[in-house]
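Listing of upload_26.csv, CSV, C-alpha atoms and all ligand atoms
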```
chain,number,residue,atom,x,y,z
A,1,MET,CA,-53.8,-86.3,21.8
A,2,THR,CA,-57.3,-85.7,20.2
A,3,HIS,CA,-58.4,-82.2,19.4
A,4,THR,CA,-62.0,-81.1,19.1
A,5,VAL,CA,-62.8,-79.3,15.8
A,6,GLY,CA,-65.5,-77.5,13.9
A,7,VAL,CA,-66.2,-76.7,10.3
A,8,LEU,CA,-67.5,-73.3,9.2
A,9,GLY,CA,-69.4,-73.6,5.9
A,10,ALA,CA,-69.8,-77.4,6.5
A,11,THR,CA,-72.6,-78.0,4.0
A,12,GLY,CA,-70.6,-76.7,0.9
A,13,ALA,CA,-68.5,-78.5,-1.6
A,14,VAL,CA,-65.2,-77.9,0.3
A,15,GLY,CA,-67.0,-78.3,3.7
A,16,GLN,CA,-68.1,-81.8,2.6
A,17,ARG,CA,-64.5,-82.7,1.6
A,18,LEU,CA,-63.3,-81.5,5.0
A,19,ILE,CA,-65.8,-83.8,6.7
A,20,GLN,CA,-64.7,-86.7,4.5
A,21,LEU,CA,-61.1,-86.1,5.7
A,22,LEU,CA,-61.8,-85.3,9.3
A,23,ASP,CA,-64.2,-88.1,10.1
A,24,PRO,CA,-61.5,-90.8,10.0
A,25,HIS,CA,-58.7,-88.4,11.2
A,26,PRO,CA,-56.5,-89.8,14.0
A,27,ASP,CA,-56.1,-86.5,15.9
A,28,PHE,CA,-59.3,-84.5,15.2
A,29,GLU,CA,-62.9,-85.1,16.4
A,30,ILE,CA,-65.8,-83.1,14.8
A,31,GLU,CA,-68.0,-81.4,17.4
A,32,ALA,CA,-69.4,-78.3,15.5
A,33,LEU,CA,-70.8,-77.6,12.1
A,34,THR,CA,-72.0,-74.3,10.8
A,35,ALA,CA,-73.6,-72.9,7.6
A,36,SER,CA,-76.0,-70.2,6.6
A,37,SER,CA,-79.2,-69.3,8.4
A,38,GLU,CA,-81.0,-71.4,5.8
A,39,SER,CA,-79.3,-74.5,7.2
A,40,ALA,CA,-79.0,-73.6,10.8
A,41,GLY,CA,-81.2,-75.7,13.2
A,42,LYS,CA,-81.3,-78.7,10.8
A,43,PRO,CA,-79.5,-82.0,11.3
A,44,TYR,CA,-76.5,-82.1,9.0
A,45,ARG,CA,-77.8,-84.9,6.8
A,46,LYS,CA,-80.8,-82.8,5.9
A,47,ALA,CA,-79.0,-79.5,5.6
A,48,ALA,CA,-76.2,-80.8,3.3
A,49,LYS,CA,-76.8,-82.1,-0.2
A,50,TRP,CA,-74.1,-84.8,0.2
A,51,ARG,CA,-72.3,-85.0,-3.2
A,52,ILE,CA,-69.3,-87.1,-2.3
A,53,SER,CA,-69.1,-90.7,-3.5
A,54,THR,CA,-68.3,-92.1,0.0
A,55,PRO,CA,-71.4,-92.1,2.3
A,56,ILE,CA,-72.1,-89.3,4.7
A,57,PRO,CA,-70.3,-90.2,8.0
A,58,ASP,CA,-72.5,-91.4,10.9
A,59,SER,CA,-70.5,-89.2,13.2
A,60,VAL,CA,-71.9,-86.0,11.6
A,61,ALA,CA,-75.3,-87.0,10.2
A,62,GLU,CA,-77.2,-86.0,13.3
A,63,ILE,CA,-75.2,-83.0,14.4
A,64,THR,CA,-77.4,-79.9,14.4
A,65,VAL,CA,-76.0,-77.3,12.1
A,66,ALA,CA,-75.3,-74.0,13.9
A,67,GLU,CA,-75.4,-70.4,12.8
A,68,THR,CA,-71.9,-69.2,11.7
A,69,ASP,CA,-71.4,-67.1,14.9
A,70,PRO,CA,-68.9,-67.5,17.7
A,71,ASP,CA,-71.8,-67.5,20.3
A,72,ALA,CA,-73.6,-70.4,18.5
A,73,ILE,CA,-70.9,-73.1,18.7
A,74,PRO,CA,-69.2,-75.1,21.5
A,75,ASP,CA,-65.7,-74.3,22.6
A,76,VAL,CA,-63.6,-76.4,20.2
A,77,ASP,CA,-59.8,-76.4,19.8
A,78,LEU,CA,-59.7,-75.7,16.1
A,79,LEU,CA,-62.1,-74.4,13.4
A,80,PHE,CA,-61.7,-75.2,9.7
A,81,SER,CA,-63.3,-72.5,7.5
A,82,SER,CA,-64.7,-73.2,4.0
A,83,LEU,CA,-66.9,-70.1,3.8
A,84,PRO,CA,-67.4,-68.0,0.7
A,85,SER,CA,-64.6,-65.4,0.9
A,86,SER,CA,-67.0,-62.5,1.3
A,87,VAL,CA,-68.6,-64.2,4.3
A,88,GLY,CA,-65.1,-65.2,5.6
A,89,GLU,CA,-64.0,-61.6,5.4
A,90,ARG,CA,-66.9,-60.6,7.6
A,91,VAL,CA,-66.9,-63.4,10.3
A,92,GLU,CA,-63.6,-65.2,10.5
A,93,SER,CA,-62.0,-62.4,12.5
A,94,ASP,CA,-64.9,-62.5,15.0
A,95,PHE,CA,-64.0,-66.2,15.7
A,96,CYS,CA,-60.3,-65.4,16.2
A,97,GLU,CA,-61.2,-62.5,18.5
A,98,ALA,CA,-63.4,-64.9,20.5
A,99,GLY,CA,-60.3,-67.1,21.0
A,100,TYR,CA,-60.8,-69.7,18.2
A,101,VAL,CA,-57.8,-70.9,16.1
A,102,VAL,CA,-59.0,-70.9,12.5
A,103,SER,CA,-57.4,-72.8,9.6
A,104,SER,CA,-59.1,-71.2,6.6
A,105,ASN,CA,-59.4,-72.1,2.9
A,106,SER,CA,-61.2,-68.9,2.0
A,107,SER,CA,-59.2,-66.3,-0.1
A,108,ASN,CA,-59.9,-63.3,2.1
A,109,GLN,CA,-56.9,-62.0,4.1
A,110,ARG,CA,-54.4,-64.4,2.4
A,111,MET,CA,-52.1,-61.5,1.5
A,112,ALA,CA,-52.4,-59.7,4.8
A,113,GLU,CA,-49.0,-58.9,6.3
A,114,ASP,CA,-49.7,-60.6,9.6
A,115,VAL,CA,-51.6,-63.7,8.3
A,116,PRO,CA,-49.5,-66.8,7.6
A,117,LEU,CA,-50.2,-68.3,4.2
A,118,VAL,CA,-48.9,-71.8,4.6
A,119,ILE,CA,-48.2,-75.1,2.8
A,120,PRO,CA,-46.5,-77.1,5.6
A,121,GLU,CA,-44.0,-78.8,3.3
A,122,VAL,CA,-42.9,-75.5,1.9
A,123,ASN,CA,-43.0,-72.8,4.5
A,124,ALA,CA,-43.9,-74.2,7.9
A,125,ASP,CA,-41.7,-71.5,9.5
A,126,HIS,CA,-44.1,-68.8,8.4
A,127,LEU,CA,-46.4,-70.0,11.2
A,128,GLY,CA,-44.2,-67.8,13.4
A,129,LEU,CA,-46.2,-64.9,12.0
A,130,LEU,CA,-49.0,-65.8,14.4
A,131,GLU,CA,-47.0,-64.2,17.2
A,132,VAL,CA,-46.9,-61.0,15.2
A,133,GLN,CA,-50.7,-61.4,14.4
A,134,ARG,CA,-51.6,-61.8,18.0
A,135,ASP,CA,-49.6,-58.8,19.0
A,136,SER,CA,-51.0,-56.6,16.3
A,137,ARG,CA,-54.6,-57.7,16.5
A,138,GLY,CA,-54.9,-58.5,20.3
A,139,TRP,CA,-56.4,-61.9,19.6
A,140,ASP,CA,-56.3,-64.9,21.8
A,141,GLY,CA,-57.2,-67.0,18.8
A,142,ALA,CA,-55.3,-67.1,15.5
A,143,MET,CA,-55.9,-67.3,11.7
A,144,VAL,CA,-53.8,-69.3,9.2
A,145,LYS,CA,-54.7,-69.6,5.5
A,146,ASN,CA,-53.9,-72.1,2.8
A,147,PRO,CA,-53.4,-70.8,-0.7
A,148,ASN,CA,-55.5,-71.0,-3.8
A,149,CYS,CA,-55.6,-74.5,-5.4
A,150,SER,CA,-53.7,-73.6,-8.5
A,151,THR,CA,-51.0,-72.0,-6.5
A,152,ILE,CA,-50.7,-75.1,-4.2
A,153,THR,CA,-50.2,-77.3,-7.3
A,154,MET,CA,-47.2,-75.4,-8.5
A,155,VAL,CA,-45.4,-74.0,-5.5
A,156,PRO,CA,-43.9,-77.2,-4.0
A,157,THR,CA,-42.2,-77.9,-7.3
A,158,LEU,CA,-40.9,-74.3,-7.5
A,159,LYS,CA,-39.6,-74.6,-3.9
A,160,ALA,CA,-37.7,-77.7,-4.8
A,161,LEU,CA,-36.2,-75.9,-7.8
A,162,ASP,CA,-35.3,-72.7,-5.9
A,163,GLU,CA,-31.9,-74.2,-5.0
A,164,PHE,CA,-30.9,-73.1,-8.6
A,165,GLY,CA,-32.0,-69.5,-7.9
A,166,LEU,CA,-35.5,-69.1,-9.3
A,167,SER,CA,-35.8,-65.8,-11.1
A,168,ARG,CA,-38.8,-66.0,-13.4
A,169,VAL,CA,-41.9,-68.3,-13.8
A,170,HIS,CA,-44.5,-68.5,-16.5
A,171,VAL,CA,-47.5,-70.9,-15.9
A,172,ALA,CA,-50.6,-71.8,-17.8
A,173,THR,CA,-53.3,-73.8,-16.1
A,174,LEU,CA,-56.0,-76.3,-17.1
A,175,GLN,CA,-58.3,-76.2,-14.2
A,176,ALA,CA,-61.1,-78.6,-13.3
A,177,VAL,CA,-64.7,-77.5,-12.9
A,178,SER,CA,-64.9,-78.5,-9.2
A,179,GLY,CA,-62.7,-75.4,-8.5
A,180,ALA,CA,-65.7,-73.2,-9.3
A,181,GLY,CA,-68.0,-75.1,-6.9
A,182,TYR,CA,-71.0,-77.3,-7.7
A,183,SER,CA,-73.0,-74.7,-9.5
A,184,GLY,CA,-70.1,-72.5,-10.6
A,185,VAL,CA,-69.9,-73.5,-14.3
A,186,THR,CA,-72.9,-74.7,-16.2
A,187,SER,CA,-72.7,-77.8,-18.4
A,188,MET,CA,-73.7,-75.7,-21.4
A,189,GLU,CA,-70.7,-73.5,-20.8
A,190,ILE,CA,-68.1,-76.1,-20.3
A,191,ILE,CA,-68.9,-79.3,-22.3
A,192,ASP,CA,-67.0,-79.3,-25.6
A,193,ASN,CA,-65.3,-76.1,-24.5
A,194,ALA,CA,-62.4,-74.4,-22.7
A,195,ILE,CA,-62.8,-71.0,-20.9
A,196,PRO,CA,-59.6,-68.8,-20.9
A,197,HIS,CA,-60.6,-66.8,-17.9
A,198,ILE,CA,-61.1,-67.5,-14.2
A,199,GLY,CA,-61.8,-64.3,-12.3
A,200,GLY,CA,-59.0,-63.2,-10.0
A,201,GLU,CA,-57.1,-66.5,-10.4
A,202,GLU,CA,-54.1,-65.2,-12.3
A,203,GLU,CA,-53.4,-62.4,-9.8
A,204,LYS,CA,-53.8,-64.9,-6.9
A,205,MET,CA,-51.2,-67.3,-8.4
A,206,GLU,CA,-48.8,-64.5,-9.0
A,207,SER,CA,-49.0,-62.9,-5.5
A,208,GLU,CA,-49.6,-65.9,-3.3
A,209,SER,CA,-46.6,-67.8,-4.9
A,210,LYS,CA,-44.2,-65.1,-4.0
A,211,LYS,CA,-45.5,-64.9,-0.4
A,212,LEU,CA,-45.2,-68.7,0.0
A,213,LEU,CA,-41.6,-68.8,-1.4
A,214,GLY,CA,-40.6,-65.7,0.7
A,215,SER,CA,-38.5,-65.7,3.8
A,216,PHE,CA,-39.6,-64.9,7.4
A,217,ASP,CA,-37.0,-63.4,9.8
A,218,GLY,CA,-39.1,-63.8,12.9
A,219,ALA,CA,-40.7,-60.4,12.6
A,220,GLU,CA,-41.4,-59.7,8.9
A,221,LEU,CA,-42.0,-61.6,5.8
A,222,ALA,CA,-40.2,-60.7,2.6
A,223,ALA,CA,-41.7,-62.0,-0.6
A,224,HIS,CA,-39.5,-63.9,-3.1
A,225,ASP,CA,-38.2,-61.7,-5.8
A,226,ALA,CA,-38.9,-64.0,-8.8
A,227,THR,CA,-41.4,-62.7,-11.3
A,228,VAL,CA,-44.5,-64.9,-11.7
A,229,SER,CA,-46.8,-64.7,-14.7
A,230,ALA,CA,-50.0,-66.8,-14.9
A,231,SER,CA,-52.6,-67.6,-17.5
A,232,CYS,CA,-55.6,-69.6,-16.1
A,233,ASN,CA,-58.0,-71.7,-18.1
A,234,ARG,CA,-61.1,-73.8,-17.2
A,235,ILE,CA,-61.4,-77.2,-18.9
A,236,PRO,CA,-64.1,-80.0,-18.6
A,237,THR,CA,-62.3,-82.2,-16.1
A,238,LEU,CA,-64.1,-82.8,-12.8
A,239,ASP,CA,-61.1,-82.8,-10.4
A,240,GLY,CA,-57.4,-82.1,-10.7
A,241,HIS,CA,-55.6,-79.0,-11.9
A,242,LEU,CA,-52.9,-79.6,-14.6
A,243,GLU,CA,-50.4,-76.8,-15.1
A,244,ASN,CA,-47.6,-76.1,-17.6
A,245,VAL,CA,-44.7,-74.3,-16.0
A,246,TRP,CA,-41.6,-72.6,-17.5
A,247,ALA,CA,-39.1,-71.8,-14.8
A,248,GLU,CA,-35.9,-69.7,-15.2
A,249,PHE,CA,-32.9,-69.7,-12.9
A,250,GLU,CA,-29.9,-67.6,-12.0
A,251,ALA,CA,-27.8,-70.8,-12.0
A,252,GLY,CA,-28.0,-73.3,-14.8
A,253,ALA,CA,-30.1,-76.5,-14.2
A,254,THR,CA,-30.3,-79.6,-16.3
A,255,VAL,CA,-33.3,-81.9,-16.5
A,256,GLU,CA,-31.4,-84.4,-14.3
A,257,ASP,CA,-30.7,-81.7,-11.7
A,258,ALA,CA,-34.4,-80.7,-11.7
A,259,VAL,CA,-35.7,-84.3,-11.4
A,260,GLU,CA,-33.2,-85.0,-8.6
A,261,ALA,CA,-34.3,-81.7,-6.8
A,262,MET,CA,-38.0,-82.6,-7.0
A,263,GLU,CA,-37.6,-86.3,-6.1
A,264,SER,CA,-35.4,-85.6,-3.1
A,265,TYR,CA,-37.4,-82.7,-1.8
A,266,GLN,CA,-38.1,-83.4,1.9
A,267,GLY,CA,-41.7,-83.0,3.0
A,268,ILE,CA,-42.8,-82.9,6.6
A,269,ASP,CA,-43.8,-85.4,9.2
A,270,LEU,CA,-47.6,-84.8,9.4
A,271,PRO,CA,-50.4,-87.4,9.1
A,272,SER,CA,-51.8,-86.1,5.9
A,273,SER,CA,-48.5,-85.3,4.2
A,274,PRO,CA,-47.4,-87.8,1.5
A,275,ASP,CA,-43.9,-89.3,1.2
A,276,PRO,CA,-42.5,-88.5,-1.3
A,277,LEU,CA,-44.2,-85.1,-1.6
A,278,ILE,CA,-43.5,-84.9,-5.3
A,279,ARG,CA,-43.8,-87.8,-7.7
A,280,VAL,CA,-41.9,-87.3,-10.9
A,281,PHE,CA,-43.0,-89.3,-14.0
A,282,GLU,CA,-40.6,-90.4,-16.7
A,283,GLU,CA,-43.5,-91.0,-19.2
A,284,PRO,CA,-43.9,-87.7,-21.1
A,285,GLU,CA,-47.7,-87.9,-21.2
A,286,ARG,CA,-48.0,-88.0,-17.4
A,287,PRO,CA,-49.3,-86.7,-15.0
A,288,GLN,CA,-52.9,-86.7,-16.2
A,289,PRO,CA,-56.0,-85.6,-14.0
A,290,ARG,CA,-58.0,-88.8,-14.3
A,291,LEU,CA,-55.0,-91.1,-13.7
A,292,ASP,CA,-53.0,-89.2,-11.1
A,293,ARG,CA,-55.2,-86.9,-9.0
A,294,GLU,CA,-56.0,-89.6,-6.3
A,295,ARG,CA,-52.4,-90.5,-5.5
A,296,GLU,CA,-51.6,-90.6,-1.8
A,297,ASN,CA,-55.3,-89.8,-0.9
A,298,GLY,CA,-55.2,-86.9,-3.3
A,299,MET,CA,-52.4,-85.2,-1.4
A,300,GLN,CA,-49.4,-85.9,-3.7
A,301,ILE,CA,-48.0,-83.3,-6.1
A,302,CYS,CA,-47.2,-84.9,-9.5
A,303,ALA,CA,-44.7,-83.6,-12.1
A,304,GLY,CA,-43.6,-84.8,-15.5
A,305,GLY,CA,-42.6,-83.8,-19.0
A,306,LEU,CA,-39.4,-82.1,-17.8
A,307,ARG,CA,-37.3,-80.6,-20.6
A,308,GLU,CA,-34.7,-78.0,-21.1
A,309,SER,CA,-36.2,-75.0,-22.8
A,310,GLU,CA,-34.3,-72.0,-24.3
A,311,THR,CA,-34.8,-70.2,-21.0
A,312,GLY,CA,-34.7,-72.8,-18.3
A,313,ILE,CA,-36.8,-75.9,-17.4
A,314,GLN,CA,-40.3,-76.6,-18.7
A,315,TYR,CA,-42.5,-79.1,-17.0
A,316,ASN,CA,-46.1,-80.1,-16.1
A,317,CYS,CA,-47.5,-80.5,-12.6
A,318,LEU,CA,-50.8,-81.7,-11.2
A,319,ALA,CA,-52.7,-81.9,-7.9
A,320,HIS,CA,-56.2,-82.7,-6.7
A,321,ASN,CA,-57.7,-79.2,-6.4
A,322,THR,CA,-60.4,-79.9,-3.7
A,323,LEU,CA,-58.1,-82.3,-1.6
A,324,ARG,CA,-54.5,-81.1,-1.8
A,325,GLY,CA,-55.7,-77.7,-3.1
A,326,ALA,CA,-58.5,-77.0,-0.6
A,327,ALA,CA,-59.8,-79.3,2.2
A,328,GLY,CA,-56.6,-81.3,2.6
A,329,ALA,CA,-54.6,-78.2,2.6
A,330,SER,CA,-56.6,-76.8,5.6
A,331,VAL,CA,-56.4,-80.1,7.4
A,332,LEU,CA,-52.6,-80.2,6.9
A,333,ASN,CA,-52.4,-76.7,8.4
A,334,GLY,CA,-54.5,-77.9,11.3
A,335,GLU,CA,-52.0,-80.7,11.8
A,336,LEU,CA,-49.1,-78.2,11.8
A,337,LEU,CA,-50.9,-76.0,14.3
A,338,ALA,CA,-51.3,-79.0,16.6
A,339,LYS,CA,-47.7,-80.1,16.2
A,340,GLU,CA,-46.4,-76.5,16.9
A,341,GLY,CA,-48.5,-76.3,20.1
A,342,TYR,CA,-51.1,-73.7,18.9
A,343,LEU,CA,-54.1,-75.8,20.0
A,401,LIG,N1,-58.9,-74.0,-3.3
A,401,LIG,C1,-59.9,-74.6,-4.0
A,401,LIG,O1,-59.7,-75.4,-4.8
A,401,LIG,C2,-61.2,-74.2,-3.8
A,401,LIG,C3,-61.5,-73.2,-2.9
A,401,LIG,N2,-62.8,-72.9,-2.7
A,401,LIG,C4,-63.1,-71.8,-1.8
A,401,LIG,O2,-63.7,-72.4,-0.6
A,401,LIG,C5,-64.8,-71.7,-0.2
A,401,LIG,C6,-66.0,-72.5,-0.2
A,401,LIG,O3,-66.3,-72.9,-1.5
A,401,LIG,P1,-67.5,-74.0,-1.8
A,401,LIG,O4,-67.4,-75.1,-0.8
A,401,LIG,O5,-67.4,-74.4,-3.2
A,401,LIG,O6,-68.8,-73.1,-1.6
A,401,LIG,P2,-70.3,-73.6,-1.4
A,401,LIG,O7,-71.1,-72.5,-1.9
A,401,LIG,O8,-70.5,-75.0,-1.9
A,401,LIG,O9,-70.5,-73.6,0.2
A,401,LIG,C7,-70.5,-72.5,1.0
A,401,LIG,C8,-70.7,-72.8,2.4
A,401,LIG,O10,-70.8,-71.6,3.2
A,401,LIG,C9,-72.1,-71.4,3.8
A,401,LIG,N3,-72.5,-70.1,3.7
A,401,LIG,C10,-72.9,-69.4,2.6
A,401,LIG,N4,-73.3,-68.2,2.9
A,401,LIG,C11,-73.2,-68.1,4.2
A,401,LIG,C12,-73.5,-67.0,5.1
A,401,LIG,N5,-73.9,-65.8,4.7
A,401,LIG,N6,-73.2,-67.2,6.5
A,401,LIG,C13,-72.8,-68.4,6.8
A,401,LIG,N7,-72.5,-69.5,6.0
A,401,LIG,C14,-72.7,-69.3,4.7
A,401,LIG,C15,-73.0,-72.4,3.0
A,401,LIG,O11,-74.1,-72.8,3.8
A,401,LIG,P3,-75.5,-73.1,3.1
A,401,LIG,O12,-75.4,-74.5,2.6
A,401,LIG,O13,-76.4,-73.0,4.3
A,401,LIG,O14,-75.8,-72.1,2.1
A,401,LIG,C16,-72.0,-73.5,2.7
A,401,LIG,O15,-71.9,-74.3,3.9
A,401,LIG,C17,-64.8,-70.5,-1.1
A,401,LIG,O16,-64.1,-69.4,-0.4
A,401,LIG,C18,-64.2,-70.9,-2.3
A,401,LIG,O17,-63.6,-69.8,-3.1
A,401,LIG,C19,-63.7,-73.6,-3.4
A,401,LIG,C20,-63.5,-74.6,-4.2
A,401,LIG,C21,-62.2,-75.0,-4.5
A,402,LIG,N1,-60.6,-70.3,-8.2
A,402,LIG,C1,-60.3,-71.7,-8.0
A,402,LIG,C2,-61.0,-72.2,-6.7
A,402,LIG,C3,-61.1,-71.2,-5.7
A,402,LIG,O1,-62.1,-71.0,-5.2
A,402,LIG,O2,-59.9,-70.6,-5.3
A,402,LIG,P1,-59.8,-69.6,-4.0
A,402,LIG,O3,-59.5,-70.6,-2.9
A,402,LIG,O4,-58.6,-68.8,-4.3
A,402,LIG,O5,-61.0,-68.8,-3.9
A,402,LIG,C4,-60.8,-72.5,-9.2
A,402,LIG,O6,-61.7,-72.0,-9.8
A,402,LIG,O7,-60.3,-73.6,-9.5
```

Rewrite the structure of this file - the entire thing - as structure tokens.
Amino acid sequence: MTHTVGVLGATGAVGQRLIQLLDPHPDFEIEALTASSESAGKPYRKAAKWRISTPIPDSVAEITVAETDPDAIPDVDLLFSSLPSSVGERVESDFCEAGYVVSSNSSNQRMAEDVPLVIPEVNADHLGLLEVQRDSRGWDGAMVKNPNCSTITMVPTLKALDEFGLSRVHVATLQAVSGAGYSGVTSMEIIDNAIPHIGGEEEKMESESKKLLGSFDGAELAAHDATVSASCNRIPTLDGHLENVWAEFEAGATVEDAVEAMESYQGIDLPSSPDPLIRVFEEPERPQPRLDRERENGMQICAGGLRESETGIQYNCLAHNTLRGAAGASVLNGELLAKEGYL
């Protein structure tokens, strides 16, 4: 069954990635695009500075961009939101109140108690929080969030390893410039350089991971009790976040155990979910951003360099930050909402 969809913030970097994924999608048909007042009223091809290497799809080129307002768009089954979080904070709830189901990539409300933060292959059951959300907020619509791109890169591997009793995680990231948006980091700042600070990123990785790995009893969500410590760094790659992880466990785990747990980790049957979810490399120098970010349409999680450290297992992981980590993550959540009958 085909569902009609719209994109809030459609002219932006993540909005364009959403359109790239939704235009050929088997189950979704784009009917509404919104942006700021500057863009509203223009055909999409004029409002958006298209910066993706595949051409702007014919299906959206002539759609008139609407104001980001529930009264300005047609009645579609599902909205994807890639608004700046300050704007999302202000308007996303209005759409939910007006009856829209919103799959959002923006960071606002990710940690709210009644908002499911979901990676479908990790915690699809947390979608049950939508019943709690509808009761508490009196909405006909619903809001589901995907996590931060750095968090998405690491958490599927941690979930696979949690069978050994995850107790402590340290992670250091090497994040691509696209995570900061098209104008986020200037060339003078990043060429021949690395920046050991990304505002708010470490706190997001630490808190979002524990929510994602937590358990939902049908009424409340309990965060995982592992401690997570993150150090986030920007490097001059275009796309693909690479992360160095040190994981500690209550039970012992060998490298062979960890490889087996990651390779055999069961994903989920959704159109955008890869099989296998996690690709584990034997070559110690992989994964690498340039070589591995596009695997499985940019949706696979890659891992490698596994070794037994003094405290547990050390490894590297990588994912495409604007596909698996942003637009693709929202589309996957949309597919899950459709499968679970929320549309
Ligand atoms: N998880 C991840 O890897 C990533 C997540 N993100 C997150 O995704 C979101 C979007 O990021 P990105 O695409 O880079 O941002 P952009 O700045 O490229 O795009 C923002 C979009 O929101 C619209 N917009 C801006 N202000 C308003 C407003 N006041 N009212 C309505 N619409 C508005 C813009 O429209 P207009 O063109 O008219 O200005 C544009 O469509 C952010 O929350 C960001 O933090 C971003 C990158 C990666
Ligand atoms: N902060 C991420 C991208 C981002 O915007 O994250 P979030 O979705 O949490 O706002 C990066 O710089 O790579």

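The point (-63.3, -66.8, 3.5) has these residues within 10 Å of it when only C-alpha atoms are used: A:Leu8, A:Gly9, A:Ser81, A:Ser82, A:Leu83, A:Pro84, A:Ser85, A:Ser86, A:Val87, A:Gly88, A:Glu89, A:Arg90, A:Val91, A:Glu92, A:Ser104, A:Asn105, A:Ser106, A:Ser107, A:Asn108, A:Gln109, A:Arg110, A:Lys145.
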
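Here the question is which of A:Leu277, A:Ala261, A:Val65, A:Ala226 gets nearest to ligand LIG 401 (chain A) using all atoms listed in the file, and that residue is A:Val65.
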
Exercise. Quick one, how far is CA of Leu129 (chain A) from atom O10 of ligand LIG 401 (chain A)?
Worked result: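 Atom O10 of ligand LIG 401 (chain A) lies at a distance of 27.0 Å from CA of Leu129 (chain A).
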
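Residue nearest Ile235 (chain A) within the list A:Pro276, A:Gly179, A:Pro287, A:Gly99: A:Gly179 [criterion: smallest interatomic distance, all atoms listed in the file].
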
Write out as CSV a residue-level contact list of chain A versus ligand LIG 402 (chain A) with cut-off 10 Å: for each qualifying residue the closest pair of atoms and the distance in Å to one decimal, counting only C-alpha atoms and all ligand atoms, rows sorted by chain and residue number upward.
```
residue,atom,partner,partner_atom,distance
A:Val14,CA,A:LIG402,O1,9.4
A:Ser82,CA,A:LIG402,O3,9.0
A:Leu83,CA,A:LIG402,O5,9.8
A:Pro84,CA,A:LIG402,O5,7.9
A:Ser85,CA,A:LIG402,O5,6.9
A:Ser104,CA,A:LIG402,O3,9.5
A:Asn105,CA,A:LIG402,O3,6.0
A:Ser106,CA,A:LIG402,O3,5.5
A:Ser107,CA,A:LIG402,O5,4.9
A:Asn108,CA,A:LIG402,O5,8.2
A:Arg110,CA,A:LIG402,O4,9.0
A:Lys145,CA,A:LIG402,O3,9.7
A:Asn146,CA,A:LIG402,O3,8.1
A:Pro147,CA,A:LIG402,O3,6.5
A:Asn148,CA,A:LIG402,O4,3.8
A:Cys149,CA,A:LIG402,O2,5.8
A:Ser150,CA,A:LIG402,O7,6.7
A:Thr151,CA,A:LIG402,O4,8.5
A:Ile152,CA,A:LIG402,O3,10.0
A:Thr173,CA,A:LIG402,O7,9.6
A:Leu174,CA,A:LIG402,O7,9.1
A:Gln175,CA,A:LIG402,O7,5.7
A:Ala176,CA,A:LIG402,O7,6.3
A:Val177,CA,A:LIG402,O7,6.8
A:Ser178,CA,A:LIG402,O7,6.7
A:Gly179,CA,A:LIG402,O7,3.2
A:Ala180,CA,A:LIG402,O6,4.2
A:Gly181,CA,A:LIG402,O1,7.4
A:Gly184,CA,A:LIG402,O6,8.5
A:Val185,CA,A:LIG402,O6,9.5
A:His197,CA,A:LIG402,O6,9.7
A:Ile198,CA,A:LIG402,O6,6.3
A:Gly199,CA,A:LIG402,N1,7.4
A:Gly200,CA,A:LIG402,N1,7.5
A:Glu201,CA,A:LIG402,N1,5.6
A:Glu202,CA,A:LIG402,N1,9.2
A:Glu203,CA,A:LIG402,O4,9.9
A:Lys204,CA,A:LIG402,O4,6.7
A:Met205,CA,A:LIG402,O4,8.6
A:Glu208,CA,A:LIG402,O4,9.5
A:Cys232,CA,A:LIG402,O7,9.0
A:Asn233,CA,A:LIG402,O6,9.1
A:Arg234,CA,A:LIG402,O6,7.6
A:Asp239,CA,A:LIG402,O7,9.3
A:Gly240,CA,A:LIG402,O7,9.1
A:His241,CA,A:LIG402,O7,7.6
A:Asn321,CA,A:LIG402,O7,6.9
A:Thr322,CA,A:LIG402,C2,8.3
A:Gly325,CA,A:LIG402,O3,8.1
A:Ala326,CA,A:LIG402,O3,6.9
```

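Closest approach to ligand LIG 401 (chain A) among A:Tyr342, A:Phe95, A:Phe249, A:Tyr182: A:Tyr182, based on all atoms listed in the file.
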
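Of the listed residues A:Ala35, A:Ile30, A:Ala72, A:Leu343, the one whose atoms come nearest to ligand LIG 401 (chain A) is A:Ala35, with distances taken using all atoms listed in the file.
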
Problem set entry | Straight-line distance linking CA of Ile278 (chain A) with CA of Ser264 (chain A), stated in Å to one decimal |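 Atom-to-atom, CA of Ile278 (chain A) and CA of Ser264 (chain A) are spaced 8.4 Å apart.
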
Seminar exercise, completed: Residue with the minimum atom-to-atom distance to Asp225 (chain A), picked from A:Ser187, A:Ser209, A:Asn193, A:Asn297 with only C-alpha atoms counted, is A:Ser209

For this session: Could you tell me which of A:Thr34, A:Ser39, A:Thr254, A:Ser215 comes closest to Glu310 (chain A) if we count only C-alpha atoms?
Result: A:Thr254

For this session: Step by step: start from the point (-48.2, -88.3, -20.1) in the file's coordinates, keep every protein, DNA or RNA residue that has an atom no farther than 12 Å from it, count all atoms listed in the file, and write the set as a list in words.
Result: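 Protein and nucleic acid residues near the point are Leu242, Val280, Phe281, Glu282, Glu283, Pro284, Glu285, Arg286, Pro287, Gln288, Pro289, Arg290, Leu291, Asp292, Cys302, Ala303, Gly304, Gly305, Leu306, Tyr315, Asn316, Cys317 and Leu318 of chain A.
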
Exercise. Neighbours of His3 (chain A) within 9 Å (all atoms listed in the file; same-chain residues fewer than 3 positions away dropped), as a list in words?
Worked result: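 After dropping sequence-adjacent residues, the list is Asp27, Phe28, Glu29, Ile30, Val76, Asp77, Leu78, Ala338 and Leu343 of chain A.
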
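CA of Arg168 (chain A) sits 9.6 Å away from CA of Thr311 (chain A).
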